Structure formats: C-alpha cells, structure tokens
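Data first, discussion second: the structure below is written as structure tokens.
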Amino acid sequence: PMIRSPLRPWALRLHRWLALLFALPLLVVTASGLMLAAEPALKATAPPGTVTLARLEAVLAAAGPGAGGASLFIRAYDGTVTLGGRGAARTYDLATAAPAEPGRLAAAFVTARRLHETLLLDARWLVTASTVAMLLLAPLGLVLGWPKVRHTVGGWHRLVGWALLPLVIGSPLTGLALAFGISFVPAADPPSGSPPSLGQTVRLVVERHGTLDGLEFVRTVRGGARIVRALDAGGTAVTYRAMPNGLEPVPANWPRLLHEGAWGGVLGSAANALAGIALLGLLVTGLVLWSRRTLRRRALRRAAVTA
C-alpha cells in the first residue's frame with residue numbers, strides 16, 4: 001500500500017525535479033563510477049611477480065637521481081609505473097624499465113576518474129551538488145510508497161530503490177565525505193627528520209609485506225611525509241607512513257575505502273559495481289517514467305483541444 005502522507009505530493013514533485021535537474025551530471029558521474037568499480041579487482045588479481053624490488057629499482061635507476069624525491073604510482077594490471085605528480089609525470093614499463101605510455105585500459109581509468117571527480121570541466125562543485133541531490137532522492141523515494149512486485153518500469157524502479165537502499169545511499173554518502181575531507185583519521189604529527197627515499201621506502205614495504213605485489217603507491221604529501229598504500233592478503237588497501245625506522249600504520253580511511261571499493265579485493269569491486277548498476281538503473285527508469293508521464297499529458301491535452 002501507498003504511504004498516505006500530506007507530504008507525498010510535495011515529495012513526489014521534489015523527487016522528479018531533482019532527478020530531472022541533475023540528470024545529466026548524475027548519469028556521467030554514475031557511469032564513470034561504474035567503470036572505476038573494476039579497477040580494485042584488477043589490482044587485486046594482477047599476476048604475482050609483476051611488481052618486484054628489482055624491477056622498481058631498475059625504474060628508479062633509469063629515472064635518475066631526481067626520482068628519489070618523487071611519488072610513485074603503480075598499475076600492475078597495466079604493467080607500468082608512473083613517477084612524479086601532475087605536470088611532471090613519467091611512465092615506465094615495469095618489465096623493461098623503459099619509458100612507456102599507459103595502456104588503453106589505464107588511460108580509460110584516468111579519464112573515467114576525471115569525469116567522476118570534475119566532469120572534465122573542473123566542475124567539482126557540480127559533482128558535489130549532484131551527489132547531494134542523489135542522497136536526497138533516496139529518502140524522498142521512500143516517502144512515495146512501498147515497493148510492489150510488478151514487471152513494469154515503475155515496479156522495478158521502486159523495488160531496486162528499496163532492496164538496494166544501503167548501496168544507493170552509501171555510495172553518494174561516502175562520496176560527500178571525500179568531497180568535504182571527512183576521513184575519521186586523526187591528523188598525524190609532522191615527520192621528524194628526513195623521510196626515506198623512494199628506494200628505501202619500497203624496501204621497507206618488502207620487509208613488512210614480504211612482497212611488492214600489492215603496492216599501489218608511494219606518495220609524497222605536504223610537509224615531506226611519504227604515504228604508502230598497499231593491499232593486504234585479503235585485498236584491502238592499508239596505509240602507512242614511511243619513517244626512518246620502518247612503516248608506521250595509519251588508521252583506515254573507511255569513507256575512501258568504501259567509495260573506491262578498495263576492500264576485500266574482488267568483493268569490494270563487486271559491491272561498487274552493484275551500486276553503480278542500481279544507481280544507473282534508477283536514473284534511467286526514473287527518466288523513462290518522467291518522459292512517459294509528460295508524453296501522456298501532452299496527448300491528453302491534444303485530445304481535449306480536438307474534442
């Protein structure tokens with residue numbers, strides 16, 4: 001049965017107009033997020049031995065002395081490693097240590113990430129506003145009524161919204177946490193002394209994990225500290241600070257891990273893919289319902305005029 005509430009007509013109108021107003025950016029953000037959901041699974045299932053200490057040391061040697069202060073980003077599924085940040089990045093083949101270009105899949109992920117975060121227009125504000133709209137659409141949809149098992153567009157729209165509610169709410173909620181810098185991780189003390197070089201840092205990862213297969217990046221942040229992220233045995237990303245005496249564990253940034261699907265290996269990717277399919281399905285079916293309703297009203301008006 002429908003939830004009979006005086007708020008229902010207003011909730012229905014707001015639900016429709018929010019979805020219509022932000023439909024295009026939401027479709028882009030959701031579709032790009034669905035593609036990005038595959039990347040954690042690719043990282044977790046990269047062939048063992050793709051990233052080794054000998055290969056990374058060969059890359060650092062090929063990059064020259066200046067590489068010691070750079071950042072390092074690994075795409076094991078692509079067989080490449082990138083040194084440096086934006087504007088000064090150089091990519092190398094992991095097997096040969098020769099300069100290389102990222103493969104098509106890696107380049108597609110880079111473009112998808114830019115779409116997901118900025119719409120390729122430096123429009124983070126619009127992405128944030130669209131995410132807020134998505135977060136509001138879910139509770140507004142709940143006010144409209146209980147789901148009914150009907151093999152119709154409207155029936156599937158409601159059923160997906162109710163059945164996958166945690167994913168439908170969780171994805172935009174964690175996205176907003178990232179947008180506003182909410183990590184639930186306490187601020188770290190400034191590093192004392194000089195951080196280890198990149199070569200020393202990757203050797204510390206080997207000492208800690210016994211392998212470099214799960215290493216994702218070594219990033220130099222403001223203040224000179226080096227942040228390391230690698231996958232544990234279960235495929236969940238763990239973070240460290242590289243200190244002169246070893247790797248210091250950093251509390252998990254769960255909003256980021258959940259939003260990126262960087263937990264549980266393939267399981268995290270599967271959960272994010274399901275959330276992306278659900279959100280994309282809700283957007284598309286919602287637009288179909290709106291267009292049908294609009295066309296039906298126009299047909300009734302034309303019939304009334306000609307009657």
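Residues are referred to by chain and number: the chain letter is A, B, ... according to the order shown in the structure tokens, the number counts from 1 in that chain, and ligands are numbered separately from 1 in the order shown.
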May I have the residues within 9 Å of Ile169 of chain A as JSON, numbers by chain, using only C-alpha atoms and disregarding those fewer than 4 positions away in the same chain? {"A": [134, 135, 136, 138, 139, 164, 165, 173, 174]}
Identify, with DSSP run on backbone atoms, the residues in segment 53-95 of chain A assigned to alpha helix (DSSP H), and express the list as a PDB file with all heavy atoms, in the first residue's frame.
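This went into selection.pdb:
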ATOM      1  N   LEU A  53      61.060  -5.882  -6.342  1.00  0.00           N
ATOM      2  CA  LEU A  53      62.048  -4.902  -5.910  1.00  0.00           C
ATOM      3  C   LEU A  53      63.060  -4.625  -7.019  1.00  0.00           C
ATOM      4  O   LEU A  53      63.421  -3.465  -7.265  1.00  0.00           O
ATOM      5  CB  LEU A  53      62.759  -5.408  -4.647  1.00  0.00           C
ATOM      6  CG  LEU A  53      63.799  -4.457  -4.027  1.00  0.00           C
ATOM      7  CD1 LEU A  53      63.166  -3.131  -3.652  1.00  0.00           C
ATOM      8  CD2 LEU A  53      64.454  -5.115  -2.812  1.00  0.00           C
ATOM      9  N   ALA A  54      63.511  -5.672  -7.702  1.00  0.00           N
ATOM     10  CA  ALA A  54      64.492  -5.485  -8.772  1.00  0.00           C
ATOM     11  C   ALA A  54      63.928  -4.602  -9.884  1.00  0.00           C
ATOM     12  O   ALA A  54      64.628  -3.725 -10.415  1.00  0.00           O
ATOM     13  CB  ALA A  54      64.904  -6.849  -9.326  1.00  0.00           C
ATOM     14  N   ARG A  55      62.659  -4.805 -10.238  1.00  0.00           N
ATOM     15  CA  ARG A  55      62.058  -4.012 -11.310  1.00  0.00           C
ATOM     16  C   ARG A  55      61.899  -2.549 -10.906  1.00  0.00           C
ATOM     17  O   ARG A  55      62.174  -1.644 -11.708  1.00  0.00           O
ATOM     18  CB  ARG A  55      60.699  -4.602 -11.696  1.00  0.00           C
ATOM     19  CG  ARG A  55      60.810  -5.907 -12.487  1.00  0.00           C
ATOM     20  CD  ARG A  55      59.449  -6.433 -12.910  1.00  0.00           C
ATOM     21  NE  ARG A  55      59.581  -7.557 -13.836  1.00  0.00           N
ATOM     22  CZ  ARG A  55      58.567  -8.155 -14.444  1.00  0.00           C
ATOM     23  NH1 ARG A  55      57.317  -7.748 -14.201  1.00  0.00           N
ATOM     24  NH2 ARG A  55      58.781  -9.143 -15.292  1.00  0.00           N
ATOM     25  N   LEU A  56      61.460  -2.306  -9.667  1.00  0.00           N
ATOM     26  CA  LEU A  56      61.292  -0.920  -9.231  1.00  0.00           C
ATOM     27  C   LEU A  56      62.641  -0.219  -9.097  1.00  0.00           C
ATOM     28  O   LEU A  56      62.774   0.966  -9.428  1.00  0.00           O
ATOM     29  CB  LEU A  56      60.531  -0.867  -7.906  1.00  0.00           C
ATOM     30  CG  LEU A  56      59.033  -1.165  -7.977  1.00  0.00           C
ATOM     31  CD1 LEU A  56      58.378  -0.949  -6.622  1.00  0.00           C
ATOM     32  CD2 LEU A  56      58.344  -0.299  -9.023  1.00  0.00           C
ATOM     33  N   GLU A  57      63.648  -0.925  -8.620  1.00  0.00           N
ATOM     34  CA  GLU A  57      64.975  -0.328  -8.521  1.00  0.00           C
ATOM     35  C   GLU A  57      65.538  -0.012  -9.903  1.00  0.00           C
ATOM     36  O   GLU A  57      66.212   0.999 -10.094  1.00  0.00           O
ATOM     37  CB  GLU A  57      65.914  -1.254  -7.752  1.00  0.00           C
ATOM     38  CG  GLU A  57      65.615  -1.285  -6.256  1.00  0.00           C
ATOM     39  CD  GLU A  57      66.539  -2.211  -5.489  1.00  0.00           C
ATOM     40  OE1 GLU A  57      67.116  -3.125  -6.111  1.00  0.00           O
ATOM     41  OE2 GLU A  57      66.688  -2.004  -4.257  1.00  0.00           O
ATOM     42  N   ALA A  58      65.231  -0.855 -10.891  1.00  0.00           N
ATOM     43  CA  ALA A  58      65.667  -0.585 -12.261  1.00  0.00           C
ATOM     44  C   ALA A  58      64.976   0.657 -12.810  1.00  0.00           C
ATOM     45  O   ALA A  58      65.597   1.484 -13.503  1.00  0.00           O
ATOM     46  CB  ALA A  58      65.375  -1.791 -13.145  1.00  0.00           C
ATOM     47  N   VAL A  59      63.687   0.831 -12.499  1.00  0.00           N
ATOM     48  CA  VAL A  59      62.955   2.015 -12.935  1.00  0.00           C
ATOM     49  C   VAL A  59      63.530   3.271 -12.284  1.00  0.00           C
ATOM     50  O   VAL A  59      63.743   4.304 -12.947  1.00  0.00           O
ATOM     51  CB  VAL A  59      61.455   1.875 -12.627  1.00  0.00           C
ATOM     52  CG1 VAL A  59      60.735   3.210 -12.804  1.00  0.00           C
ATOM     53  CG2 VAL A  59      60.817   0.819 -13.509  1.00  0.00           C
ATOM     54  N   LEU A  60      63.809   3.207 -10.974  1.00  0.00           N
ATOM     55  CA  LEU A  60      64.371   4.359 -10.273  1.00  0.00           C
ATOM     56  C   LEU A  60      65.751   4.711 -10.821  1.00  0.00           C
ATOM     57  O   LEU A  60      66.098   5.897 -10.951  1.00  0.00           O
ATOM     58  CB  LEU A  60      64.446   4.075  -8.774  1.00  0.00           C
ATOM     59  CG  LEU A  60      63.108   3.961  -8.045  1.00  0.00           C
ATOM     60  CD1 LEU A  60      63.307   3.527  -6.598  1.00  0.00           C
ATOM     61  CD2 LEU A  60      62.360   5.288  -8.087  1.00  0.00           C
ATOM     62  N   ALA A  61      66.532   3.702 -11.163  1.00  0.00           N
ATOM     63  CA  ALA A  61      67.850   3.954 -11.750  1.00  0.00           C
ATOM     64  C   ALA A  61      67.703   4.608 -13.123  1.00  0.00           C
ATOM     65  O   ALA A  61      68.452   5.540 -13.469  1.00  0.00           O
ATOM     66  CB  ALA A  61      68.640   2.651 -11.850  1.00  0.00           C
ATOM     67  N   ALA A  62      66.736   4.144 -13.915  1.00  0.00           N
ATOM     68  CA  ALA A  62      66.528   4.726 -15.240  1.00  0.00           C
ATOM     69  C   ALA A  62      66.021   6.161 -15.151  1.00  0.00           C
ATOM     70  O   ALA A  62      66.323   6.997 -16.013  1.00  0.00           O
ATOM     71  CB  ALA A  62      65.532   3.870 -16.027  1.00  0.00           C
ATOM     72  N   ALA A  63      65.252   6.461 -14.094  1.00  0.00           N
ATOM     73  CA  ALA A  63      64.698   7.805 -13.938  1.00  0.00           C
ATOM     74  C   ALA A  63      65.745   8.809 -13.498  1.00  0.00           C
ATOM     75  O   ALA A  63      65.561  10.020 -13.684  1.00  0.00           O
ATOM     76  CB  ALA A  63      63.545   7.770 -12.943  1.00  0.00           C
TER      77      ALA A  63
END
In Å and to one decimal, atom CA of Ala188 of chain A is distant from atom CA of Pro40 of chain A by 26.5 Å
Would you tabulate, counting only C-alpha atoms, all residues of segment 97-198 of chain A that have an atom at most 12 Å from an atom of segment 245-263 of chain A, showing the closest pair of atoms and their distance in Å to one decimal, sorted by chain then ascending number, as CSV?
residue,atom,partner,partner_atom,distance
A:Arg113,CA,A:Glu260,CA,10.7
A:His116,CA,A:Glu260,CA,11.5
A:Leu167,CA,A:His259,CA,10.3
A:Val168,CA,A:His259,CA,11.8
A:Ile169,CA,A:His259,CA,11.3
A:Gly170,CA,A:His259,CA,8.0
A:Ser171,CA,A:His259,CA,6.0
A:Pro172,CA,A:His259,CA,8.3
A:Leu173,CA,A:Pro255,CA,8.5
A:Thr174,CA,A:Pro255,CA,5.0
A:Gly175,CA,A:His259,CA,6.3
A:Leu176,CA,A:Pro255,CA,9.0
A:Ala177,CA,A:Pro255,CA,6.4
A:Leu178,CA,A:Arg256,CA,6.5
A:Ala179,CA,A:Arg256,CA,10.2
A:Phe180,CA,A:Pro255,CA,11.0
A:Gly181,CA,A:Pro255,CA,9.7
A:Ile182,CA,A:Pro255,CA,7.6
A:Ser183,CA,A:Asn253,CA,5.1
A:Phe184,CA,A:Asn253,CA,6.6
A:Val185,CA,A:Pro251,CA,6.0
A:Pro186,CA,A:Pro251,CA,8.1
A:Ala187,CA,A:Val250,CA,10.0
A:Ala188,CA,A:Val250,CA,8.7
A:Asp189,CA,A:Val250,CA,11.6
A:Pro191,CA,A:Glu248,CA,11.2
A:Ser192,CA,A:Asn245,CA,11.4
A:Gly193,CA,A:Asn245,CA,11.2
A:Ser194,CA,A:Asn245,CA,11.4
A:Pro195,CA,A:Asn245,CA,9.7
A:Pro196,CA,A:Asn245,CA,9.0
With N, CA and C atoms retained, write the just-selected residues as a short mmCIF file (atom, residue, chain, number, x, y, z; two decimals), in the first residue's frame.
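The new file part_26.cif reads:
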data_model
loop_
_atom_site.label_atom_id
_atom_site.label_comp_id
_atom_site.auth_asym_id
_atom_site.auth_seq_id
_atom_site.Cartn_x
_atom_site.Cartn_y
_atom_site.Cartn_z
N ARG A 113 38.14 8.66 -14.06
CA ARG A 113 38.30 9.32 -12.76
C ARG A 113 38.12 10.83 -12.88
N HIS A 116 34.50 11.43 -13.20
CA HIS A 116 33.82 11.17 -11.93
C HIS A 116 34.03 12.30 -10.94
N LEU A 167 23.24 0.43 -0.55
CA LEU A 167 24.18 0.79 -1.60
C LEU A 167 23.81 2.12 -2.25
N VAL A 168 22.52 2.34 -2.44
CA VAL A 168 22.04 3.56 -3.07
C VAL A 168 22.39 4.79 -2.23
N ILE A 169 22.34 4.64 -0.90
CA ILE A 169 22.68 5.74 -0.01
C ILE A 169 24.18 5.78 0.27
N GLY A 170 24.78 4.61 0.42
CA GLY A 170 26.19 4.54 0.82
C GLY A 170 27.13 5.15 -0.18
N SER A 171 26.90 4.95 -1.47
CA SER A 171 27.80 5.46 -2.49
C SER A 171 27.87 6.99 -2.49
N PRO A 172 26.74 7.72 -2.58
CA PRO A 172 26.84 9.18 -2.52
C PRO A 172 27.28 9.70 -1.15
N LEU A 173 26.91 8.99 -0.09
CA LEU A 173 27.30 9.45 1.25
C LEU A 173 28.81 9.43 1.43
N THR A 174 29.45 8.33 1.02
CA THR A 174 30.91 8.26 1.13
C THR A 174 31.56 9.23 0.15
N GLY A 175 30.92 9.47 -1.01
CA GLY A 175 31.46 10.45 -1.94
C GLY A 175 31.46 11.85 -1.36
N LEU A 176 30.39 12.20 -0.63
CA LEU A 176 30.36 13.51 0.02
C LEU A 176 31.40 13.61 1.13
N ALA A 177 31.62 12.51 1.85
CA ALA A 177 32.66 12.51 2.88
C ALA A 177 34.02 12.82 2.26
N LEU A 178 34.32 12.25 1.10
CA LEU A 178 35.58 12.55 0.42
C LEU A 178 35.61 14.00 -0.03
N ALA A 179 34.49 14.50 -0.57
CA ALA A 179 34.46 15.87 -1.07
C ALA A 179 34.71 16.88 0.03
N PHE A 180 34.25 16.58 1.25
CA PHE A 180 34.41 17.51 2.37
C PHE A 180 35.55 17.13 3.31
N GLY A 181 36.38 16.18 2.87
CA GLY A 181 37.58 15.83 3.65
C GLY A 181 37.30 15.11 4.94
N ILE A 182 36.20 14.37 5.03
CA ILE A 182 35.86 13.62 6.24
C ILE A 182 36.45 12.22 6.11
N SER A 183 37.41 11.90 6.97
CA SER A 183 38.09 10.60 6.88
C SER A 183 38.05 9.81 8.18
N PHE A 184 37.73 10.48 9.30
CA PHE A 184 37.76 9.87 10.64
C PHE A 184 39.16 9.40 11.00
N VAL A 185 40.16 9.96 10.33
CA VAL A 185 41.56 9.65 10.64
C VAL A 185 42.16 10.87 11.34
N PRO A 186 42.68 10.70 12.56
CA PRO A 186 43.27 11.85 13.26
C PRO A 186 44.48 12.40 12.52
N ALA A 187 44.69 13.69 12.65
CA ALA A 187 45.83 14.33 12.00
C ALA A 187 47.14 13.76 12.54
N ALA A 188 48.08 13.50 11.64
CA ALA A 188 49.37 12.93 12.04
C ALA A 188 50.33 14.04 12.44
N ASP A 189 51.23 13.71 13.35
CA ASP A 189 52.27 14.66 13.73
C ASP A 189 53.22 14.89 12.56
N PRO A 191 56.47 14.90 10.33
CA PRO A 191 57.58 13.94 10.39
C PRO A 191 58.82 14.56 11.01
N SER A 192 59.50 13.78 11.80
CA SER A 192 60.75 14.24 12.40
C SER A 192 61.90 13.71 11.55
N GLY A 193 62.70 14.60 11.02
CA GLY A 193 63.80 14.18 10.18
C GLY A 193 63.36 13.93 8.74
N SER A 194 64.30 13.58 7.92
CA SER A 194 64.02 13.34 6.50
C SER A 194 63.38 11.97 6.30
N PRO A 195 62.35 11.89 5.44
CA PRO A 195 61.73 10.59 5.18
C PRO A 195 62.66 9.73 4.34
N PRO A 196 62.46 8.43 4.32
CA PRO A 196 63.28 7.56 3.47
C PRO A 196 63.09 7.91 2.00
#
Neighbours of segment 80-82 of chain A within 9 Å (only C-alpha atoms; same-chain residues fewer than 3 positions away dropped), as a list in words? Leu56, Val59, Ser71, Leu72, Phe73, Ile74, Arg75, Ala76, Tyr77, Gly85, Ala89, Arg90, Thr91, Tyr92, Asp93, Leu94, Ala95, Ala97, Ala100, Glu101, Pro102 and Gly103 of chain A
Can you write just those residues out, N, CA and C atoms, as an mmCIF file, in the first residue's frame?
data_model
loop_
_atom_site.group_PDB
_atom_site.id
_atom_site.type_symbol
_atom_site.label_atom_id
_atom_site.label_comp_id
_atom_site.auth_asym_id
_atom_site.auth_seq_id
_atom_site.Cartn_x
_atom_site.Cartn_y
_atom_site.Cartn_z
ATOM 1 N N LEU A 56 61.460 -2.306 -9.667
ATOM 2 C CA LEU A 56 61.292 -0.920 -9.231
ATOM 3 C C LEU A 56 62.641 -0.219 -9.097
ATOM 4 N N VAL A 59 63.687 0.831 -12.499
ATOM 5 C CA VAL A 59 62.955 2.015 -12.935
ATOM 6 C C VAL A 59 63.530 3.271 -12.284
ATOM 7 N N SER A 71 56.955 10.948 -6.330
ATOM 8 C CA SER A 71 55.951 9.973 -5.923
ATOM 9 C C SER A 71 55.938 8.844 -6.940
ATOM 10 N N LEU A 72 55.363 7.727 -6.541
ATOM 11 C CA LEU A 72 55.399 6.517 -7.356
ATOM 12 C C LEU A 72 54.012 5.894 -7.366
ATOM 13 N N PHE A 73 53.460 5.693 -8.557
ATOM 14 C CA PHE A 73 52.122 5.126 -8.701
ATOM 15 C C PHE A 73 52.205 3.900 -9.598
ATOM 16 N N ILE A 74 51.707 2.779 -9.113
ATOM 17 C CA ILE A 74 51.849 1.506 -9.824
ATOM 18 C C ILE A 74 50.499 1.042 -10.349
ATOM 19 N N ARG A 75 50.498 0.612 -11.607
ATOM 20 C CA ARG A 75 49.332 -0.067 -12.194
ATOM 21 C C ARG A 75 49.816 -1.433 -12.644
ATOM 22 N N ALA A 76 49.774 -2.385 -11.722
ATOM 23 C CA ALA A 76 50.302 -3.716 -12.035
ATOM 24 C C ALA A 76 49.527 -4.365 -13.171
ATOM 25 N N TYR A 77 48.203 -4.123 -13.243
ATOM 26 C CA TYR A 77 47.392 -4.721 -14.304
ATOM 27 C C TYR A 77 47.796 -4.186 -15.679
ATOM 28 N N GLY A 85 54.270 13.732 -10.086
ATOM 29 C CA GLY A 85 52.862 14.078 -9.968
ATOM 30 C C GLY A 85 52.352 14.710 -11.236
ATOM 31 N N ALA A 89 54.876 13.999 -14.682
ATOM 32 C CA ALA A 89 54.811 12.545 -14.527
ATOM 33 C C ALA A 89 55.528 11.856 -15.681
ATOM 34 N N ARG A 90 56.257 10.800 -15.342
ATOM 35 C CA ARG A 90 56.923 9.965 -16.352
ATOM 36 C C ARG A 90 56.545 8.516 -16.089
ATOM 37 N N THR A 91 56.152 7.826 -17.132
ATOM 38 C CA THR A 91 55.690 6.441 -17.017
ATOM 39 C C THR A 91 56.732 5.501 -17.599
ATOM 40 N N TYR A 92 56.914 4.360 -16.905
ATOM 41 C CA TYR A 92 57.903 3.374 -17.320
ATOM 42 C C TYR A 92 57.254 1.994 -17.363
ATOM 43 N N ASP A 93 57.788 1.165 -18.246
ATOM 44 C CA ASP A 93 57.381 -0.228 -18.318
ATOM 45 C C ASP A 93 58.037 -0.994 -17.176
ATOM 46 N N LEU A 94 57.250 -1.732 -16.416
ATOM 47 C CA LEU A 94 57.801 -2.453 -15.266
ATOM 48 C C LEU A 94 58.760 -3.561 -15.685
ATOM 49 N N ALA A 95 58.532 -4.184 -16.803
ATOM 50 C CA ALA A 95 59.361 -5.319 -17.220
ATOM 51 C C ALA A 95 60.705 -4.885 -17.773
ATOM 52 N N ALA A 97 61.867 -1.301 -17.688
ATOM 53 C CA ALA A 97 62.315 -0.012 -17.139
ATOM 54 C C ALA A 97 62.467 1.043 -18.217
ATOM 55 N N ALA A 100 57.456 4.553 -21.217
ATOM 56 C CA ALA A 100 56.295 3.960 -21.867
ATOM 57 C C ALA A 100 55.091 4.872 -21.698
ATOM 58 N N GLU A 101 54.052 4.560 -22.432
ATOM 59 C CA GLU A 101 52.764 5.236 -22.284
ATOM 60 C C GLU A 101 51.803 4.286 -21.585
ATOM 61 N N PRO A 102 50.927 4.806 -20.723
ATOM 62 C CA PRO A 102 49.924 3.919 -20.117
ATOM 63 C C PRO A 102 49.088 3.243 -21.192
ATOM 64 N N GLY A 103 48.691 1.993 -20.945
ATOM 65 C CA GLY A 103 47.858 1.269 -21.887
ATOM 66 C C GLY A 103 46.477 1.882 -22.000
#
Those in segment 49-192 of chain A with strand (DSSP E) from DSSP, as a list of chain:residue names: A:Leu72, A:Phe73, A:Ile74, A:Arg75, A:Thr80, A:Val81, A:Thr82, A:Leu83, A:Arg90, A:Thr91, A:Tyr92, A:Asp93
Which distance in Å separates atom CA of Phe109 of chain A and atom CA of Ala67 of chain A, to one decimal?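 Calculated distance between atom CA of Phe109 of chain A and atom CA of Ala67 of chain A is 24.7 Å.
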Atom CA of Ala233 of chain A to atom CA of Ala44 of chain A: how many Å, to one decimal?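 Between these atoms lies a distance of 9.4 Å.
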Would you mind telling me which residue in A:Leu212, A:Leu279, A:Leu295, A:Ala107 lies nearest to Gly33 of chain A when using only C-alpha atoms?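 Under the stated criterion, the closest residue is A:Leu279.
Proximity to Gly79 of chain A was assessed for A:Arg8, A:Arg158, A:Arg16, A:Arg104 counting only C-alpha atoms; the smallest distance is recorded for A:Arg104.
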Nearest to Trp17 of chain A: which of A:Trp290, A:Thr45, A:Gly66, A:Gly214 is it, counting only C-alpha atoms?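 Looking at the shortest contact to Trp17 of chain A, the residue is A:Trp290.
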Nearest to Gly286 of chain A among A:His157, A:Arg219, A:Arg13, A:Arg229, with distances taken over only C-alpha atoms: which residue is it?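 The shortest atom-to-atom distance to Gly286 of chain A comes from A:His157.
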Please list as a VMD selection string every residue within 7 Å of Ser130 of chain A, counting only C-alpha atoms and excluding residues in the same chain fewer than 3 positions away. chain A and resid 22 25 to 26 126 to 127 133 to 134
How would the residues just picked look written out with N, CA, C and O atoms as a compact mmCIF listing (two decimals), in the first residue's frame?
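Result went into out_39.txt, see below:
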# COMPACT_ATOMS: atom_id res chain seq x y z
N PHE A 22 19.36 17.36 -12.24
CA PHE A 22 20.73 16.85 -12.15
C PHE A 22 20.94 15.57 -12.95
O PHE A 22 21.93 14.86 -12.74
N PRO A 25 24.57 15.39 -15.18
CA PRO A 25 25.78 15.14 -14.38
C PRO A 25 25.72 13.84 -13.59
O PRO A 25 26.73 13.15 -13.45
N LEU A 26 24.54 13.47 -13.10
CA LEU A 26 24.42 12.21 -12.35
C LEU A 26 24.67 11.00 -13.26
O LEU A 26 25.30 10.03 -12.84
N LEU A 126 29.74 21.06 -9.17
CA LEU A 126 28.56 20.43 -9.77
C LEU A 126 28.48 18.95 -9.41
O LEU A 126 27.39 18.42 -9.18
N VAL A 127 29.63 18.29 -9.34
CA VAL A 127 29.65 16.89 -8.90
C VAL A 127 29.15 16.79 -7.47
O VAL A 127 28.34 15.91 -7.13
N ALA A 133 22.11 15.85 -4.38
CA ALA A 133 20.80 15.56 -4.95
C ALA A 133 20.50 14.07 -4.92
O ALA A 133 19.39 13.65 -4.57
N MET A 134 21.50 13.25 -5.28
CA MET A 134 21.30 11.80 -5.24
C MET A 134 21.00 11.32 -3.83
O MET A 134 20.15 10.44 -3.63
